[in-house]
file coords17.txt (compact mmCIF, C-alpha atoms)
# COMPACT_ATOMS: atom_id res chain seq x y z
CA MET C 1 117.95 107.06 54.72
CA PRO C 2 119.27 104.17 56.87
CA LYS C 3 115.81 102.66 57.39
CA ALA C 4 115.18 102.33 53.67
CA SER C 5 118.52 100.67 53.01
CA LYS C 6 118.00 98.27 55.92
CA SER C 7 114.78 96.88 54.45
CA ALA C 8 115.69 97.21 50.78
CA GLY C 9 116.68 93.57 50.39
CA LEU C 10 113.72 92.14 52.29
CA SER C 11 110.80 90.31 50.70
CA GLY C 12 107.29 91.72 51.03
CA VAL C 13 106.42 89.36 53.89
CA GLU C 14 109.69 90.09 55.72
CA ARG C 15 109.21 93.83 55.29
CA ARG C 16 105.68 93.64 56.67
CA SER C 17 106.98 91.64 59.66
CA VAL C 18 109.46 94.43 60.40
CA GLU C 19 106.76 97.08 60.08
CA LEU C 20 104.45 95.12 62.40
CA ASP C 21 107.32 94.86 64.89
CA THR C 22 107.65 98.64 64.94
CA ILE C 23 104.07 99.07 66.17
CA ALA C 24 103.98 96.00 68.45
CA SER C 25 104.65 98.04 71.59
CA VAL C 26 101.41 99.91 71.01
CA LEU C 27 99.58 97.12 69.23
CA PRO C 28 100.52 93.72 70.70
CA ILE C 29 100.28 91.07 67.96
CA ASP C 30 100.56 87.37 68.83
CA ARG C 31 100.48 86.05 65.26
CA ARG C 32 102.83 88.54 63.67
CA ASP C 33 104.41 86.24 61.07
CA GLU C 34 101.05 84.91 59.96
CA LEU C 35 99.64 88.43 59.74
CA ALA C 36 102.60 89.50 57.63
CA GLU C 37 101.56 86.92 55.04
CA LEU C 38 97.86 87.84 55.17
CA LEU C 39 98.01 91.62 55.30
CA THR C 40 99.02 93.78 52.37
CA ASP C 41 101.47 96.68 52.47
CA GLN C 42 98.49 99.03 52.46
CA ASP C 43 96.92 97.19 55.41
CA VAL C 44 100.08 97.57 57.49
CA GLU C 45 100.42 101.22 56.50
CA THR C 46 96.81 101.83 57.60
CA LEU C 47 97.50 100.22 61.00
CA ARG C 48 100.65 102.31 61.43
CA HIS C 49 98.66 105.44 60.59
CA LEU C 50 96.04 104.55 63.21
CA VAL C 51 98.78 104.05 65.82
CA ASN C 52 100.18 107.48 65.00
CA GLU C 53 96.68 108.95 65.29
CA GLY C 54 96.61 107.80 68.91
CA MET C 55 93.77 105.31 68.64
CA GLY C 56 93.28 103.26 71.84
CA ALA C 57 95.18 99.96 72.06
CA ASN C 58 92.03 97.88 72.60
CA THR C 59 90.37 99.40 69.54
CA LEU C 60 93.52 98.80 67.49
CA ARG C 61 93.65 95.18 68.60
CA ALA C 62 90.03 94.67 67.58
CA LEU C 63 90.60 96.35 64.21
CA THR C 64 93.70 94.26 63.55
CA SER C 65 91.97 91.03 64.53
CA ASP C 66 89.00 91.75 62.29
CA LEU C 67 91.19 92.93 59.42
CA ALA C 68 93.18 89.69 59.59
CA TYR C 69 89.97 87.67 59.55
CA LEU C 70 88.54 89.65 56.64
CA GLU C 71 91.71 89.23 54.59
CA ALA C 72 91.83 85.49 55.39
CA TRP C 73 88.16 85.13 54.41
CA GLY C 74 88.65 87.17 51.25
CA LEU C 75 91.58 85.00 50.13
CA ALA C 76 89.68 81.80 50.91
CA ALA C 77 86.43 82.95 49.27
CA THR C 78 87.79 84.77 46.19
CA GLY C 79 91.46 83.81 45.91
CA ARG C 80 92.50 87.48 46.15
CA SER C 81 93.21 90.06 48.81
CA LEU C 82 90.33 92.37 49.70
CA PRO C 83 89.63 95.13 47.19
CA TRP C 84 89.30 98.67 48.60
CA PRO C 85 86.59 99.77 48.52
CA ALA C 86 84.76 96.44 48.59
CA PRO C 87 81.90 96.14 46.07
CA GLU C 88 78.42 95.59 47.40
CA ALA C 89 78.40 92.03 46.00
CA LEU C 90 81.38 91.09 48.19
CA LEU C 91 79.70 92.49 51.30
CA LEU C 92 76.56 90.48 50.51
CA LYS C 93 78.72 87.37 50.04
CA PHE C 94 80.26 87.97 53.47
CA VAL C 95 76.81 88.10 55.06
CA ALA C 96 75.67 84.97 53.20
CA HIS C 97 78.78 83.06 54.33
CA HIS C 98 78.35 83.97 58.00
CA LEU C 99 74.61 84.26 58.69
CA TRP C 100 72.70 81.22 57.52
CA ASP C 101 69.96 78.79 58.50
CA PRO C 102 71.26 75.48 59.92
CA GLU C 103 68.08 73.65 58.89
CA LYS C 104 68.39 74.82 55.31
CA ARG C 105 72.10 73.93 55.35
CA ALA C 106 71.19 70.33 56.26
CA ALA C 107 69.08 70.06 53.09
CA ASP C 108 71.29 72.24 50.87
CA PRO C 109 75.09 71.90 51.34
CA ASP C 110 75.63 75.01 49.18
CA HIS C 111 73.76 77.17 51.69
CA GLY C 112 76.00 79.26 53.96
CA MET C 113 79.79 79.18 53.93
CA PRO C 114 81.23 76.82 51.27
CA ALA C 115 83.04 73.79 52.68
CA ASP C 116 86.40 74.72 51.14
CA VAL C 117 86.26 78.23 52.62
CA ASP C 118 85.26 76.81 56.01
CA GLU C 119 88.09 74.27 55.91
CA LYS C 120 90.68 76.89 54.95
CA LEU C 121 89.68 79.27 57.75
CA ARG C 122 89.67 76.45 60.31
CA SER C 123 93.12 75.26 59.28
CA GLN C 124 94.39 78.81 59.87
CA GLY C 125 92.72 79.02 63.28
CA PHE C 126 90.24 81.72 62.27
CA LEU C 127 87.14 79.51 62.65
CA LYS C 128 86.58 77.45 65.77
CA SER C 129 82.86 77.26 66.55
CA VAL C 130 80.38 75.33 64.42
CA GLY C 131 77.36 77.00 62.87
CA PRO C 132 76.51 80.53 61.77
CA HIS C 133 78.26 83.49 63.36
CA ALA C 134 76.62 85.61 66.01
CA PRO C 135 74.87 88.60 64.38
CA SER C 136 76.81 90.92 66.70
CA THR C 137 80.11 89.52 65.39
CA VAL C 138 79.07 90.00 61.77
CA ARG C 139 77.91 93.56 62.47
CA ARG C 140 81.15 94.38 64.30
CA ARG C 141 83.33 93.08 61.49
CA LEU C 142 81.31 94.97 58.90
CA ALA C 143 81.59 98.12 61.05
CA ASN C 144 85.37 97.73 61.34
CA TRP C 145 85.56 96.99 57.60
CA SER C 146 83.71 100.26 57.01
CA THR C 147 86.03 102.14 59.41
CA LEU C 148 89.14 100.84 57.67
CA THR C 149 87.63 101.74 54.30
CA LYS C 150 87.09 105.33 55.44
CA TRP C 151 90.63 105.55 56.83
CA ARG C 152 91.88 104.62 53.37
CA GLY C 153 89.94 107.53 51.92
CA PHE C 154 87.14 105.53 50.26
CA ASP C 155 83.39 105.38 50.53
CA GLY C 156 81.86 101.92 50.81
CA ALA C 157 78.48 100.30 50.27
CA PHE C 158 78.05 99.53 53.96
CA ALA C 159 74.92 101.67 54.28
CA SER C 160 73.26 100.26 51.16
CA PRO C 161 69.61 99.16 51.53
CA ALA C 162 70.46 95.78 49.99
CA LEU C 163 73.09 95.05 52.65
CA LYS C 164 70.86 96.19 55.52
CA SER C 165 68.01 94.07 54.18
CA ALA C 166 70.28 91.04 53.76
CA ILE C 167 71.47 91.27 57.36
CA ARG C 168 67.95 91.71 58.70
CA LEU C 169 66.57 88.76 56.73
CA ALA C 170 69.56 86.54 57.56
CA ILE C 171 69.21 87.19 61.29
CA ARG C 172 65.51 86.45 61.12
CA ALA C 173 66.17 83.18 59.25
CA ALA C 174 68.94 82.06 61.61
CA PRO C 175 67.87 82.98 65.14
CA ARG C 176 70.60 82.53 67.67
CA GLN C 177 70.40 82.91 71.40
CA ARG C 178 72.61 85.69 72.66
CA LEU C 179 74.98 84.23 75.24
CA ARG C 180 77.06 86.14 77.73
CA LYS C 181 80.83 86.14 77.27
CA SER C 182 80.97 84.19 80.52
CA ALA C 183 78.05 81.84 81.13
CA LYS C 184 78.21 82.52 84.86
CA ALA C 185 79.29 85.57 86.80
CA VAL C 186 82.19 85.37 89.24
CA THR C 187 80.30 86.77 92.21
CA GLY C 188 81.69 87.14 95.73
CA ASP C 189 81.04 83.53 96.75
CA VAL C 190 82.67 82.16 93.59
CA LEU C 191 85.63 84.52 93.99
CA ALA C 192 86.15 83.27 97.55
CA LYS C 193 86.43 79.69 96.23
CA LEU C 194 88.97 80.76 93.61
CA LEU C 195 91.02 82.67 96.19
CA ALA C 196 91.00 79.62 98.45
CA THR C 197 93.08 77.81 95.81
CA CYS C 198 95.77 80.51 96.17
CA ALA C 199 96.46 79.88 99.85
CA THR C 200 100.25 79.40 99.87
CA ASP C 201 103.09 81.89 99.60
CA SER C 202 104.33 80.45 96.30
CA LEU C 203 104.89 82.96 93.52
CA ARG C 204 102.05 81.52 91.43
CA ASP C 205 99.59 81.70 94.30
CA LEU C 206 100.67 85.23 95.21
CA ARG C 207 100.37 86.36 91.57
CA ASP C 208 97.02 84.71 90.90
CA ARG C 209 95.55 85.88 94.21
CA ALA C 210 96.59 89.46 93.48
CA MET C 211 95.35 89.23 89.89
CA LEU C 212 91.93 87.91 90.89
CA MET C 213 91.46 90.48 93.64
CA VAL C 214 92.68 93.43 91.59
CA ALA C 215 90.61 92.48 88.53
CA PHE C 216 87.44 92.08 90.59
CA ALA C 217 87.81 94.94 93.08
CA SER C 218 88.84 97.50 90.44
CA GLY C 219 85.41 97.17 88.86
CA GLY C 220 85.80 93.93 86.91
CA ARG C 221 88.65 94.93 84.63
CA ARG C 222 88.94 93.37 81.20
CA ARG C 223 91.61 90.71 80.74
CA SER C 224 93.49 92.98 78.31
CA GLU C 225 93.64 95.69 80.98
CA ILE C 226 94.95 93.25 83.58
CA ALA C 227 97.52 91.81 81.19
CA GLY C 228 98.67 95.30 80.20
CA LEU C 229 98.78 96.76 83.73
CA ARG C 230 102.12 98.47 84.49
CA CYS C 231 103.68 99.81 87.67
CA GLU C 232 103.65 103.28 86.16
CA GLN C 233 99.84 103.21 86.27
CA LEU C 234 99.76 102.76 90.05
CA THR C 235 99.86 105.61 92.55
CA VAL C 236 99.70 105.27 96.32
CA GLU C 237 96.81 107.17 97.90
CA PRO C 238 96.38 108.29 101.54
CA PRO C 239 95.03 105.45 103.74
CA ILE C 240 91.30 105.27 104.32
CA GLU C 241 90.50 105.88 107.98
CA GLU C 242 88.26 103.29 109.63
CA PRO C 243 86.44 104.10 112.89
CA ASP C 244 86.70 100.56 114.29
CA GLY C 245 90.05 99.43 112.95
CA PRO C 246 93.40 100.36 111.45
CA PRO C 247 93.54 102.54 108.30
CA LEU C 248 93.10 100.70 105.00
CA PRO C 249 95.78 101.01 102.32
CA SER C 250 94.59 102.72 99.14
CA LEU C 251 95.83 102.70 95.57
CA ALA C 252 94.76 104.42 92.35
CA ILE C 253 94.96 102.74 88.95
CA HIS C 254 95.30 105.07 85.98
CA LEU C 255 93.70 103.15 83.12
CA GLY C 256 94.40 105.84 80.53
CA ARG C 257 92.18 105.53 77.48
CA THR C 258 89.96 102.46 77.61
CA LYS C 259 87.39 100.86 75.34
CA ASN C 260 84.70 103.16 76.77
CA SER C 261 86.66 106.40 77.11
CA SER C 262 87.11 109.13 74.55
CA GLY C 263 89.64 111.81 73.70
CA GLU C 264 92.46 112.27 76.19
CA GLN C 265 90.30 111.15 79.12
CA ASP C 266 92.28 109.27 81.79
CA GLU C 267 90.08 106.65 83.42
CA LEU C 268 90.80 106.24 87.13
CA VAL C 269 89.69 103.52 89.57
CA TYR C 270 90.64 102.81 93.17
CA LEU C 271 91.66 99.80 95.23
CA THR C 272 91.22 99.71 99.00
CA GLY C 273 92.19 97.21 101.68
CA ARG C 274 92.77 93.51 100.90
CA PRO C 275 93.40 93.87 97.12
CA VAL C 276 96.16 96.41 97.84
CA VAL C 277 97.74 94.08 100.41
CA ALA C 278 97.62 91.17 97.94
CA LEU C 279 99.09 93.27 95.13
CA ASN C 280 101.93 94.55 97.33
CA ALA C 281 102.72 91.00 98.49
CA TRP C 282 103.06 89.78 94.90
CA MET C 283 105.16 92.72 93.71
CA THR C 284 107.46 92.45 96.73
CA ALA C 285 107.97 88.69 96.36
CA ALA C 286 108.54 89.00 92.60
CA LYS C 287 110.79 92.06 93.04
CA ILE C 288 108.71 94.12 90.60
CA ASP C 289 109.10 97.88 90.85
CA SER C 290 108.72 98.90 87.20
CA GLY C 291 107.23 97.59 83.99
CA SER C 292 104.52 94.96 83.77
CA VAL C 293 102.74 94.04 87.01
CA PHE C 294 101.44 90.56 86.17
CA ARG C 295 104.12 88.43 84.52
CA ALA C 296 104.74 84.88 83.40
CA ILE C 297 106.49 82.54 85.82
CA GLY C 298 108.96 80.04 84.41
CA ARG C 299 109.13 76.34 85.09
CA TRP C 300 111.73 76.81 87.83
CA GLY C 301 109.93 79.72 89.49
CA THR C 302 111.72 82.48 87.61
CA VAL C 303 109.62 85.62 87.13
CA SER C 304 109.79 86.72 83.51
CA ARG C 305 110.19 90.29 82.35
CA ARG C 306 107.41 89.50 79.89
CA ALA C 307 103.84 90.43 80.73
CA LEU C 308 101.09 87.84 80.70
CA ASP C 309 99.04 88.02 77.52
CA PRO C 310 95.21 88.32 77.74
CA GLN C 311 94.74 84.66 76.76
CA SER C 312 96.96 83.58 79.64
CA VAL C 313 94.88 85.65 82.07
CA ASN C 314 91.79 83.78 80.90
CA ALA C 315 93.58 80.41 81.11
CA ILE C 316 94.75 81.08 84.68
CA ILE C 317 91.22 81.95 85.77
CA LYS C 318 89.84 78.76 84.20
CA GLN C 319 92.59 76.74 85.91
CA ARG C 320 91.64 78.23 89.28
CA VAL C 321 87.97 77.46 88.54
CA GLU C 322 88.85 73.79 88.01
CA MET C 323 91.01 73.73 91.15
CA ALA C 324 88.01 75.07 93.07
CA GLY C 325 85.90 72.15 91.87
CA LEU C 326 83.79 74.23 89.49
CA LYS C 327 83.24 73.76 85.75
CA ALA C 328 85.79 75.70 83.72
CA GLY C 329 83.41 75.94 80.76
CA GLU C 330 80.98 78.00 82.82
CA PHE C 331 83.41 80.78 83.71
CA SER C 332 85.86 83.05 81.93
CA ALA C 333 87.76 86.25 82.59
CA HIS C 334 84.70 88.29 81.62
CA GLY C 335 82.89 86.64 84.52
CA LEU C 336 84.86 88.94 86.84
CA ARG C 337 83.39 91.97 85.08
CA SER C 338 79.80 90.75 85.13
CA GLY C 339 80.38 89.36 88.62
CA TYR C 340 81.46 92.71 90.01
CA LEU C 341 78.23 94.38 88.94
CA THR C 342 76.10 91.42 90.01
CA GLU C 343 77.75 91.41 93.44
CA ALA C 344 77.28 95.17 93.72
CA ALA C 345 73.56 94.70 93.02
CA ASN C 346 73.32 91.88 95.57
CA ARG C 347 74.89 94.14 98.22
CA GLY C 348 72.59 97.06 97.47
CA ILE C 349 75.31 99.35 96.10
CA PRO C 350 73.75 102.08 93.91
CA LEU C 351 74.19 101.50 90.18
CA ALA C 352 75.85 104.88 89.67
CA ASP C 353 78.51 104.08 92.28
CA ALA C 354 79.24 100.68 90.74
CA MET C 355 79.52 102.21 87.27
CA GLU C 356 82.07 104.73 88.56
CA GLN C 357 84.31 101.79 89.40
CA SER C 358 83.49 99.49 86.46
CA ARG C 359 83.69 102.45 84.02
CA HIS C 360 80.64 101.27 82.09
CA ARG C 361 79.24 104.11 80.00
CA SER C 362 76.00 102.36 79.05
CA VAL C 363 73.44 102.43 81.85
CA GLN C 364 71.38 99.90 79.89
CA GLN C 365 74.22 97.39 79.78
CA ALA C 366 75.28 97.85 83.40
CA SER C 367 71.70 97.79 84.69
CA SER C 368 71.06 94.45 83.00
CA TYR C 369 73.30 92.80 85.62
CA TYR C 370 71.33 94.55 88.36
CA ASN C 371 68.03 93.43 86.87
CA ASN C 372 69.20 89.82 86.51
CA ALA C 373 70.42 89.80 90.11
CA THR C 374 67.07 90.91 91.53
CA ARG C 375 64.51 89.41 89.13
CA ARG C 376 64.89 85.79 90.27
CA SER C 377 63.99 86.61 93.89
CA GLY C 378 61.65 89.51 93.13
CA ARG C 379 57.88 89.62 93.57
CA ALA C 380 57.25 89.53 89.80
CA ALA C 381 58.65 85.98 89.67
CA ARG C 382 56.52 84.80 92.64
CA LEU C 383 52.97 85.71 91.67
CA LEU C 384 51.85 82.17 92.48

call {"tool": "encode", "arguments": {"input": "coords17.txt", "output": "structure tokens"}}
result
Amino acid sequence: MPKASKSAGLSGVERRSVELDTIASVLPIDRRDELAELLTDQDVETLRHLVNEGMGANTLRALTSDLAYLEAWGLAATGRSLPWPAPEALLLKFVAHHLWDPEKRAADPDHGMPADVDEKLRSQGFLKSVGPHAPSTVRRRLANWSTLTKWRGFDGAFASPALKSAIRLAIRAAPRQRLRKSAKAVTGDVLAKLLATCATDSLRDLRDRAMLMVAFASGGRRRSEIAGLRCEQLTVEPPIEEPDGPPLPSLAIHLGRTKNSSGEQDELVYLTGRPVVALNAWMTAAKIDSGSVFRAIGRWGTVSRRALDPQSVNAIIKQRVEMAGLKAGEFSAHGLRSGYLTEAANRGIPLADAMEQSRHRSVQQASSYYNNATRRSGRAARLL
């Protein structure tokens, strides 16, 4: 048993760090050392089990992120790690700490999340915004809490009438406008301005130009999908014949299992023309023929073997937004996803065709971009 003897002399935190390292290739973790202190042995074992079950990487990342937050909140609010299963009273406390009325908080400092809990979570980097959480965030964390509880073989109180009532009343008392992940969509005209900032043949310009074009043209890929893109996912397709010009290069991207896919389904999208040319130019200049496609570039222009992380993808896009003279706060990586569908609507592309490329499963969600693109100029908005 060489593995057991290797970790026999390690402390609990060190052992958990090693265990988290063993699943990092499937479940990238940026705050591994901090997580090792927050998570229990049982938490890490649950994550390892989910990796072995073949759960999608995006889902695992979301579960890990929420589990880390829940454990951090539990320690700050109760002084102990989360109990499994969590009693109904603890679930109600979670709702009370995260969904509250700002007006009532102004008159009653004890309303909402206690100041010491708030301060602790902020010092750890778990709380950044001010005010109550978005109801969707609270619901998602409760749903993931419930999922993790079931994976541990327990039943929880997540369907209790008291909890459902508390959430409903809290949302009603603390209305909050639902904002898009990116305030503005990166439509074709905005994308053109961003690409104009990548006009040279420098490695950074070649990489960022290819990244922007690939992310947009492949249906508005999520930043995690762009960061995780590997050469092994790309296959060259026969050129697309054009009646009035030369054939267009074509490429297929095998996305594997994504946030919206199920089972062993392999999601597939295509690139044609300019995005393929831009991608080939970057990979040739950076001498990339295997491994990660979009990589960090060192201070002296050295291309790293390390892939960009999703946060870096978002930061690069915001940097290009500023270089284009736009407001960085109005755009994010998700703007490429919403922008793709908005641009498709503006160009009269059928919704079903656009969804084939974006891989949206929800017609309601995808159609909202189409509706928003046409409502402003439609007859219903011009009755007078």

call {"tool": "closest_residue", "arguments": {"input": "coords17.txt", "among": "C:Leu67, C:Ala115, C:Ala76, C:Leu212", "to": "C:Arg141", "atoms": "only C-alpha atoms"}}
result
C:Leu67

call {"tool": "residues_around", "arguments": {"input": "coords17.txt", "residues": "C:Lys184", "least_positions_apart": "3", "cutoff": "10 Å", "atoms": "only C-alpha atoms", "output": "list in words"}}
result
Arg180, Lys181, Thr187, Val190, Gly329, Glu330, Phe331, Ser332, His334, Gly335, Leu336, Ser338 and Gly339 of chain C

call {"tool": "closest_atom_pairs", "arguments": {"input": "coords17.txt", "of": "stretch 151-236 of chain C", "to": "stretch 37-52 of chain C", "cutoff": "12 Å", "atoms": "all atoms listed in the file", "output": "CSV"}}
result
residue,atom,partner,partner_atom,distance
C:Trp151,CA,C:Thr46,CA,7.3
C:Arg152,CA,C:Thr46,CA,7.1
C:Gly153,CA,C:Thr46,CA,10.6

call {"tool": "atom_distance", "arguments": {"input": "coords17.txt", "atom1": "atom CA of C:Ser165", "atom2": "atom CA of C:Asp101"}}
result
16.0 Å

call {"tool": "residues_near_point", "arguments": {"input": "coords17.txt", "point": "(99.1, 88.1, 93.6)", "cutoff": "7 Å", "atoms": "all atoms listed in the file", "output": "VMD selection string"}}
result
chain C and resid 205 to 211 278 to 279 281 to 282

call {"tool": "closest_residue", "arguments": {"input": "coords17.txt", "among": "C:Pro249, C:Pro114, C:Gly79, C:Gly348", "to": "C:Thr235", "atoms": "all atoms listed in the file"}}
result
C:Pro249

call {"tool": "atom_distance", "arguments": {"input": "coords17.txt", "atom1": "atom CA of C:Ser129", "atom2": "atom CA of C:Ala77"}}
result
18.5 Å

call {"tool": "residues_around", "arguments": {"input": "coords17.txt", "residues": "C:Thr272", "least_positions_apart": "5", "cutoff": "9 Å", "atoms": "all atoms listed in the file", "output": "list in words"}}
result
Ala217, Pro239, Ile240, Leu248, Pro249, Ser250, Leu251, Ala252 and Val277 of chain C

call {"tool": "closest_residue", "arguments": {"input": "coords17.txt", "among": "C:Pro102, C:Gly125, C:Pro132, C:Pro85", "to": "C:Leu148", "atoms": "all atoms listed in the file"}}
result
C:Pro85

call {"tool": "closest_residue", "arguments": {"input": "coords17.txt", "among": "C:Ile171, C:Ala62, C:Met355, C:Asn314", "to": "C:Leu99", "atoms": "all atoms listed in the file"}}
result
C:Ile171

call {"tool": "residues_around", "arguments": {"input": "coords17.txt", "residues": "C:His133", "least_positions_apart": "2", "cutoff": "12 Å", "atoms": "all atoms listed in the file", "output": "short mmCIF file (atom, residue, chain, number, x, y, z; two decimals) with C-alpha atoms, keeping the file's coordinate frame"}}
result
data_model
loop_
_atom_site.label_atom_id
_atom_site.label_comp_id
_atom_site.auth_asym_id
_atom_site.auth_seq_id
_atom_site.Cartn_x
_atom_site.Cartn_y
_atom_site.Cartn_z
CA PHE C 94 80.26 87.97 53.47
CA VAL C 95 76.81 88.10 55.06
CA ALA C 96 75.67 84.97 53.20
CA HIS C 97 78.78 83.06 54.33
CA HIS C 98 78.35 83.97 58.00
CA LEU C 99 74.61 84.26 58.69
CA TRP C 100 72.70 81.22 57.52
CA ASP C 101 69.96 78.79 58.50
CA PRO C 102 71.26 75.48 59.92
CA GLY C 112 76.00 79.26 53.96
CA MET C 113 79.79 79.18 53.93
CA LEU C 127 87.14 79.51 62.65
CA LYS C 128 86.58 77.45 65.77
CA SER C 129 82.86 77.26 66.55
CA VAL C 130 80.38 75.33 64.42
CA GLY C 131 77.36 77.00 62.87
CA PRO C 135 74.87 88.60 64.38
CA SER C 136 76.81 90.92 66.70
CA THR C 137 80.11 89.52 65.39
CA VAL C 138 79.07 90.00 61.77
CA ARG C 139 77.91 93.56 62.47
CA ARG C 140 81.15 94.38 64.30
CA ARG C 141 83.33 93.08 61.49
CA ILE C 167 71.47 91.27 57.36
CA ALA C 170 69.56 86.54 57.56
CA ILE C 171 69.21 87.19 61.29
CA ALA C 174 68.94 82.06 61.61
CA PRO C 175 67.87 82.98 65.14
CA ARG C 176 70.60 82.53 67.67
CA GLN C 177 70.40 82.91 71.40
CA ARG C 178 72.61 85.69 72.66
#

call {"tool": "decode", "arguments": {"input": "coords17.txt", "residues": "stretch 263-304 of chain C", "atoms": "C-alpha atoms", "output": "mmCIF file, in the first residue's frame"}}
result
data_model
loop_
_atom_site.group_PDB
_atom_site.id
_atom_site.type_symbol
_atom_site.label_atom_id
_atom_site.label_comp_id
_atom_site.auth_asym_id
_atom_site.auth_seq_id
_atom_site.Cartn_x
_atom_site.Cartn_y
_atom_site.Cartn_z
ATOM 1 C CA GLY C 263 -25.131 11.265 -20.622
ATOM 2 C CA GLU C 264 -22.294 10.512 -23.021
ATOM 3 C CA GLN C 265 -23.498 13.100 -25.538
ATOM 4 C CA ASP C 266 -20.629 14.781 -27.425
ATOM 5 C CA GLU C 267 -21.563 18.367 -28.240
ATOM 6 C CA LEU C 268 -20.205 19.485 -31.615
ATOM 7 C CA VAL C 269 -19.971 22.977 -33.136
ATOM 8 C CA TYR C 270 -18.320 24.261 -36.298
ATOM 9 C CA LEU C 271 -16.061 27.135 -37.289
ATOM 10 C CA THR C 272 -15.881 28.408 -40.857
ATOM 11 C CA GLY C 273 -13.753 31.016 -42.591
ATOM 12 C CA ARG C 274 -12.090 33.883 -40.681
ATOM 13 C CA PRO C 275 -12.179 32.305 -37.182
ATOM 14 C CA VAL C 276 -10.354 29.233 -38.541
ATOM 15 C CA VAL C 277 -7.724 31.438 -40.195
ATOM 16 C CA ALA C 278 -7.228 33.399 -36.955
ATOM 17 C CA LEU C 279 -6.971 30.223 -34.877
ATOM 18 C CA ASN C 280 -4.434 28.651 -37.252
ATOM 19 C CA ALA C 281 -2.345 31.850 -37.226
ATOM 20 C CA TRP C 282 -2.147 31.819 -33.422
ATOM 21 C CA MET C 283 -1.354 28.120 -33.111
ATOM 22 C CA THR C 284 1.329 28.351 -35.805
ATOM 23 C CA ALA C 285 2.998 31.412 -34.280
ATOM 24 C CA ALA C 286 2.874 29.900 -30.774
ATOM 25 C CA LYS C 287 4.012 26.473 -32.049
ATOM 26 C CA ILE C 288 1.022 24.728 -30.452
ATOM 27 C CA ASP C 289 0.169 21.308 -31.834
ATOM 28 C CA SER C 290 -1.063 19.540 -28.700
ATOM 29 C CA GLY C 291 -2.484 20.358 -25.301
ATOM 30 C CA SER C 292 -4.167 23.621 -24.386
ATOM 31 C CA VAL C 293 -5.032 25.984 -27.253
ATOM 32 C CA PHE C 294 -5.210 29.319 -25.428
ATOM 33 C CA ARG C 295 -2.242 29.792 -23.098
ATOM 34 C CA ALA C 296 -0.651 32.418 -20.916
ATOM 35 C CA ILE C 297 2.120 34.529 -22.420
ATOM 36 C CA GLY C 298 5.050 35.470 -20.210
ATOM 37 C CA ARG C 299 6.547 38.896 -19.701
ATOM 38 C CA TRP C 300 9.207 38.289 -22.352
ATOM 39 C CA GLY C 301 6.812 36.802 -24.901
ATOM 40 C CA THR C 302 7.271 33.181 -23.890
ATOM 41 C CA VAL C 303 4.204 31.013 -24.491
ATOM 42 C CA SER C 304 3.455 28.981 -21.384
#
